[in-house]
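Asks: Dropping in run.pdb, with PDB, C-alpha atoms, pLDDT in the B column.
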```
ATOM      1  CA  MET A1254       0.000   0.000   0.000  1.00 97.00           C
ATOM      2  CA  ARG A1255       1.122   3.549  -0.714  1.00 98.00           C
ATOM      3  CA  TRP A1256      -0.311   6.277   1.501  1.00 99.00           C
ATOM      4  CA  VAL A1257      -0.507   9.933   0.430  1.00 99.00           C
ATOM      5  CA  VAL A1258      -1.293  11.981   3.527  1.00 99.00           C
ATOM      6  CA  ASP A1259      -2.662  15.517   3.793  1.00 98.00           C
ATOM      7  CA  GLY A1260      -0.591  16.318   6.872  1.00 97.00           C
ATOM      8  CA  ASN A1261      -2.178  19.629   7.840  1.00 95.00           C
ATOM      9  CA  ASN A1262      -5.617  18.052   7.538  1.00 96.00           C
ATOM     10  CA  VAL A1263      -4.570  15.256   9.901  1.00 97.00           C
ATOM     11  CA  PHE A1264      -3.069  17.416  12.648  1.00 96.00           C
ATOM     12  CA  GLY A1265      -5.784  20.032  12.201  1.00 93.00           C
ATOM     13  CA  SER A1266      -8.592  17.541  12.712  1.00 94.00           C
ATOM     14  CA  ARG A1267      -8.618  17.824  16.494  1.00 90.00           C
ATOM     15  CA  PRO A1268      -8.779  21.023  18.543  1.00 90.00           C
ATOM     16  CA  ASP A1269      -5.681  20.281  20.637  1.00 91.00           C
ATOM     17  CA  GLY A1270      -4.055  23.722  20.341  1.00 92.00           C
ATOM     18  CA  TRP A1271      -2.089  22.929  17.166  1.00 91.00           C
ATOM     19  CA  TRP A1272      -2.745  26.473  15.903  1.00 91.00           C
ATOM     20  CA  ASN A1273      -0.518  27.848  18.678  1.00 94.00           C
ATOM     21  CA  ASP A1274       2.549  26.025  17.322  1.00 93.00           C
ATOM     22  CA  ARG A1275       2.150  24.637  13.821  1.00 91.00           C
ATOM     23  CA  PRO A1276       5.782  23.475  13.490  1.00 93.00           C
ATOM     24  CA  ALA A1277       5.405  21.414  16.681  1.00 95.00           C
ATOM     25  CA  ALA A1278       2.118  19.937  15.429  1.00 96.00           C
ATOM     26  CA  GLN A1279       3.806  19.086  12.137  1.00 95.00           C
ATOM     27  CA  GLN A1280       6.674  17.431  13.969  1.00 96.00           C
ATOM     28  CA  ARG A1281       4.396  15.399  16.283  1.00 97.00           C
ATOM     29  CA  LEU A1282       2.529  13.938  13.309  1.00 98.00           C
ATOM     30  CA  ALA A1283       5.741  13.244  11.405  1.00 98.00           C
ATOM     31  CA  GLN A1284       7.285  11.562  14.469  1.00 98.00           C
ATOM     32  CA  ARG A1285       4.299   9.274  15.003  1.00 98.00           C
ATOM     33  CA  THR A1286       4.149   8.455  11.284  1.00 99.00           C
ATOM     34  CA  ALA A1287       7.885   7.650  11.276  1.00 98.00           C
ATOM     35  CA  GLU A1288       7.408   5.315  14.244  1.00 98.00           C
ATOM     36  CA  TRP A1289       4.565   3.541  12.422  1.00 98.00           C
ATOM     37  CA  CYS A1290       6.646   3.262   9.247  1.00 98.00           C
ATOM     38  CA  ARG A1291       9.437   1.495  11.118  1.00 97.00           C
ATOM     39  CA  THR A1292       7.104  -1.452  11.739  1.00 97.00           C
ATOM     40  CA  HIS A1293       5.338  -1.494   8.355  1.00 98.00           C
ATOM     41  CA  ASP A1294       6.469  -1.900   4.756  1.00 97.00           C
ATOM     42  CA  ASP A1295       3.932   0.536   3.306  1.00 98.00           C
ATOM     43  CA  GLU A1296       5.258   3.665   1.615  1.00 98.00           C
ATOM     44  CA  VAL A1297       4.033   6.937   3.106  1.00 99.00           C
ATOM     45  CA  LEU A1298       4.174  10.374   1.495  1.00 99.00           C
ATOM     46  CA  LEU A1299       3.375  13.006   4.135  1.00 98.00           C
ATOM     47  CA  VAL A1300       2.561  16.399   2.567  1.00 98.00           C
ATOM     48  CA  PHE A1301       2.441  19.687   4.493  1.00 96.00           C
ATOM     49  CA  ASP A1302       1.316  23.183   3.442  1.00 92.00           C
ATOM     50  CA  ALA A1303       4.021  25.100   5.246  1.00 81.00           C
ATOM     51  CA  PRO A1304       7.794  24.875   5.032  1.00 90.00           C
ATOM     52  CA  LEU A1305       9.185  21.900   6.913  1.00 93.00           C
ATOM     53  CA  ALA A1306      10.913  22.509  10.207  1.00 90.00           C
ATOM     54  CA  ASP A1307      14.401  20.968  10.259  1.00 92.00           C
ATOM     55  CA  GLU A1308      13.309  18.536  12.976  1.00 93.00           C
ATOM     56  CA  THR A1309      10.421  17.363  10.800  1.00 95.00           C
ATOM     57  CA  ALA A1310      12.525  16.989   7.655  1.00 95.00           C
ATOM     58  CA  ARG A1311      15.045  14.835   9.534  1.00 96.00           C
ATOM     59  CA  LEU A1312      12.340  12.246  10.272  1.00 97.00           C
ATOM     60  CA  ALA A1313      12.061  11.293   6.584  1.00 98.00           C
ATOM     61  CA  GLY A1314      13.812   8.195   5.332  1.00 97.00           C
ATOM     62  CA  GLY A1315      13.228   4.580   4.472  1.00 97.00           C
ATOM     63  CA  ASN A1316       9.587   4.187   3.484  1.00 98.00           C
ATOM     64  CA  LEU A1317       8.620   7.685   4.730  1.00 99.00           C
ATOM     65  CA  THR A1318       8.879  10.731   2.483  1.00 98.00           C
ATOM     66  CA  ILE A1319       7.993  14.122   3.951  1.00 98.00           C
ATOM     67  CA  VAL A1320       7.503  17.115   1.672  1.00 98.00           C
ATOM     68  CA  GLU A1321       6.248  20.652   1.825  1.00 95.00           C
ATOM     69  CA  SER A1322       4.029  21.922  -0.933  1.00 94.00           C
ATOM     70  CA  SER A1323       5.781  23.754  -3.751  1.00 88.00           C
ATOM     71  CA  ARG A1324       2.982  26.331  -3.502  1.00 88.00           C
ATOM     72  CA  ARG A1325       1.981  28.609  -0.673  1.00 87.00           C
ATOM     73  CA  GLY A1326      -1.405  29.561   0.663  1.00 81.00           C
ATOM     74  CA  ARG A1327      -4.722  27.907   1.157  1.00 80.00           C
ATOM     75  CA  ASP A1328      -4.986  24.338  -0.129  1.00 85.00           C
ATOM     76  CA  ALA A1329      -1.293  24.256  -1.029  1.00 90.00           C
ATOM     77  CA  ALA A1330      -0.901  20.640   0.085  1.00 93.00           C
ATOM     78  CA  ASP A1331      -4.043  19.690  -1.834  1.00 95.00           C
ATOM     79  CA  HIS A1332      -2.472  20.923  -5.058  1.00 95.00           C
ATOM     80  CA  GLU A1333       0.763  19.093  -4.260  1.00 96.00           C
ATOM     81  CA  ILE A1334      -1.117  15.849  -3.593  1.00 98.00           C
ATOM     82  CA  VAL A1335      -3.071  16.110  -6.855  1.00 98.00           C
ATOM     83  CA  GLU A1336       0.185  16.743  -8.750  1.00 97.00           C
ATOM     84  CA  ARG A1337       1.856  13.750  -7.092  1.00 98.00           C
ATOM     85  CA  LEU A1338      -1.114  11.554  -7.995  1.00 98.00           C
ATOM     86  CA  ALA A1339      -0.903  12.763 -11.605  1.00 98.00           C
ATOM     87  CA  ASP A1340       2.796  11.821 -11.619  1.00 98.00           C
ATOM     88  CA  LEU A1341       1.920   8.318 -10.420  1.00 98.00           C
ATOM     89  CA  GLU A1342      -0.733   7.990 -13.102  1.00 98.00           C
ATOM     90  CA  HIS A1343       1.654   9.199 -15.803  1.00 98.00           C
ATOM     91  CA  ALA A1344       4.194   6.594 -14.639  1.00 97.00           C
ATOM     92  CA  GLY A1345       1.525   3.867 -14.630  1.00 97.00           C
ATOM     93  CA  ASP A1346       2.118   3.337 -10.914  1.00 96.00           C
ATOM     94  CA  THR A1347      -1.459   3.464  -9.626  1.00 97.00           C
ATOM     95  CA  ALA A1348      -1.847   0.192  -7.728  1.00 97.00           C
ATOM     96  CA  ASP A1349      -2.751   0.288  -4.039  1.00 98.00           C
ATOM     97  CA  VAL A1350      -2.740   4.064  -3.485  1.00 99.00           C
ATOM     98  CA  ARG A1351      -4.727   5.521  -0.606  1.00 99.00           C
ATOM     99  CA  VAL A1352      -5.156   9.244   0.052  1.00 99.00           C
ATOM    100  CA  ILE A1353      -5.719  10.424   3.619  1.00 99.00           C
ATOM    101  CA  THR A1354      -7.870  13.544   3.939  1.00 98.00           C
ATOM    102  CA  SER A1355     -11.200  14.722   5.240  1.00 96.00           C
ATOM    103  CA  ASP A1356     -11.103  17.740   2.932  1.00 96.00           C
ATOM    104  CA  LYS A1357     -14.126  17.488   0.626  1.00 96.00           C
ATOM    105  CA  GLY A1358     -12.481  19.546  -2.114  1.00 96.00           C
ATOM    106  CA  LEU A1359      -9.436  17.283  -2.211  1.00 97.00           C
ATOM    107  CA  ARG A1360     -11.539  14.122  -1.996  1.00 98.00           C
ATOM    108  CA  GLU A1361     -13.369  15.238  -5.142  1.00 98.00           C
ATOM    109  CA  ARG A1362     -10.050  15.677  -6.982  1.00 98.00           C
ATOM    110  CA  VAL A1363      -8.647  12.232  -6.143  1.00 98.00           C
ATOM    111  CA  PRO A1364      -8.622   9.970  -9.227  1.00 98.00           C
ATOM    112  CA  VAL A1365     -10.908   6.938  -9.231  1.00 98.00           C
ATOM    113  CA  TRP A1366      -7.975   4.524  -9.103  1.00 98.00           C
ATOM    114  CA  ALA A1367      -6.996   5.771  -5.611  1.00 98.00           C
ATOM    115  CA  SER A1368      -9.023   5.132  -2.486  1.00 98.00           C
ATOM    116  CA  VAL A1369      -9.654   7.762   0.183  1.00 98.00           C
ATOM    117  CA  TRP A1370      -9.695   7.411   3.948  1.00 98.00           C
ATOM    118  CA  GLY A1371     -10.768  10.075   6.388  1.00 98.00           C
ATOM    119  CA  VAL A1372      -8.161  11.349   8.815  1.00 98.00           C
ATOM    120  CA  GLY A1373      -9.799   9.653  11.810  1.00 97.00           C
ATOM    121  CA  ARG A1374      -9.135   6.198  10.390  1.00 97.00           C
ATOM    122  CA  PHE A1375      -5.517   7.105   9.693  1.00 98.00           C
ATOM    123  CA  ARG A1376      -5.034   8.606  13.163  1.00 97.00           C
ATOM    124  CA  ASP A1377      -6.389   5.375  14.658  1.00 97.00           C
ATOM    125  CA  LEU A1378      -4.175   3.267  12.399  1.00 97.00           C
ATOM    126  CA  ILE A1379      -0.941   4.989  13.423  1.00 98.00           C
ATOM    127  CA  GLY A1380      -1.970   5.631  17.035  1.00 96.00           C
ATOM    128  CA  TYR A1381      -1.894   9.418  16.774  1.00 95.00           C
TER     129      TYR A1381
END
```
Let's see the structure in the file written out as structure tokens.
Replies:
Amino acid sequence: MRWVVDGNNVFGSRPDGWWNDRPAAQQRLAQRTAEWCRTHDDEVLLVFDAPLADETARLAGGNLTIVESSRRGRDAADHEIVERLADLEHAGDTADVRVITSDKGLRERVPVWASVWGVGRFRDLIGY
């Protein structure tokens, strides 16, 4: 399975004060995802809207890729995810792809060959 994760949507799904320190919220999600990846073979692409903090970027490796959107502003990660999915389709690499988001606009843009999970299921899966 290949997971494409809307990172801001995941950490923003619970009112736990993430808005007071976005870099820390980003890092907490990346850390938990990295821990999950160490015990699973699935590939995970974790996409964030904002620039990556150094601590977050250092967590990437092995089967975990962490990227910031090449765009800025609202829905930046959504655009990045759609572009990454288009790259997979162009390469003919569309088997077993699952997008993680609860964003209705992004869900509507996910190609039919990819499945979509809401962020709650993913949070439960990785224990976040």
Asks: Would you please work out which residue, of A:Asp1302, A:Arg1285, A:Glu1342, A:Arg1311, is nearest to Arg1325 (chain A) when using all atoms listed in the file?
Replies: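 Distance minimum relative to Arg1325 (chain A) lands on A:Asp1302.
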Asks: Quick one: distance from CA of Val1258 (chain A) to CA of Val1297 (chain A) in Å, one decimal?
Replies: 7.3 Å
Asks: Counting all atoms listed in the file, which residue out of A:Leu1299, A:Leu1317, A:Val1257, A:Ala1306 sits closest to Ala1367 (chain A)?
Replies: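 With all atoms listed in the file as the atom set, the closest residue is A:Val1257.
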Asks: Name the closest residue to Val1263 (chain A) among the candidates A:Val1352, A:Pro1276, A:Val1363, A:Leu1282; distances are taken between atoms, counting all atoms listed in the file.
Replies: A:Leu1282
Asks: Quick one: apply the PyMOL selection byres ((chain A and resi 1328) around 10) to the file and drop the selected residues here as a PyMOL selection string.
Replies: chain A and resi 1259+1261-1262+1301-1302+1322+1324-1327+1329-1334+1356+1358-1359
Asks: Restricting it to C-alpha atoms, dump the selection as a short mmCIF file (atom, residue, chain, number, x, y, z; two decimals), keeping the file's coordinate frame.
Replies:
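Listing of part07.cif after writing:
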```
data_model
loop_
_atom_site.label_atom_id
_atom_site.label_comp_id
_atom_site.auth_asym_id
_atom_site.auth_seq_id
_atom_site.Cartn_x
_atom_site.Cartn_y
_atom_site.Cartn_z
CA ASP A 1259 -2.66 15.52 3.79
CA ASN A 1261 -2.18 19.63 7.84
CA ASN A 1262 -5.62 18.05 7.54
CA PHE A 1301 2.44 19.69 4.49
CA ASP A 1302 1.32 23.18 3.44
CA SER A 1322 4.03 21.92 -0.93
CA ARG A 1324 2.98 26.33 -3.50
CA ARG A 1325 1.98 28.61 -0.67
CA GLY A 1326 -1.40 29.56 0.66
CA ARG A 1327 -4.72 27.91 1.16
CA ALA A 1329 -1.29 24.26 -1.03
CA ALA A 1330 -0.90 20.64 0.08
CA ASP A 1331 -4.04 19.69 -1.83
CA HIS A 1332 -2.47 20.92 -5.06
CA GLU A 1333 0.76 19.09 -4.26
CA ILE A 1334 -1.12 15.85 -3.59
CA ASP A 1356 -11.10 17.74 2.93
CA GLY A 1358 -12.48 19.55 -2.11
CA LEU A 1359 -9.44 17.28 -2.21
#
```
Asks: Apply the PyMOL selection byres ((chain A and resi 1289) around 12) to the displayed file and report the matching residues as a ChimeraX atom specification.
Replies: /A:1282-1288,1290-1297,1312,1315-1317,1375-1381
Asks: Taking into account all atoms listed in the file, which residue in the set A:Ser1355, A:Thr1347, A:Gln1280, A:Ser1266 is nearest to Ala1313 (chain A)?
Replies: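 Residue with the minimum atom-to-atom distance to Ala1313 (chain A): A:Gln1280.
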Asks: Please report the interatomic distance between CA of Gly1373 (chain A) and CA of Phe1264 (chain A) in Å with one decimal.
Replies: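 Interatomic distance here is 10.3 Å.
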Asks: When you count all atoms listed in the file, which of these residues is closest to Arg1337 (chain A): A:Gly1314, A:Val1300, A:Arg1267, A:Arg1281?
Replies: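 Of the candidates, the smallest distance to Arg1337 (chain A) is held by A:Val1300.
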Asks: Mind giving me the straight-line distance from CA of Trp1256 (chain A) to CA of Asp1349 (chain A) in Å, one decimal?
Replies: 8.5 Å
Asks: Pick from A:Val1369, A:Val1335, A:Ala1310, A:Met1254: nearest to Thr1354 (chain A), with all atoms listed in the file counted?
Replies: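 Residue with the minimum atom-to-atom distance to Thr1354 (chain A): A:Val1369.
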Asks: Give the centre and edge lengths of an axis-aligned box, in Å to one decimal, that holds all listed atoms of region 1279-1295 of chain A with 5 Å on each side, as AutoDock Vina command-line options.
Replies:
```
--center_x 6.0 --center_y 8.6 --center_z 9.8 --size_x 16.9 --size_y 31.0 --size_z 23.0
```
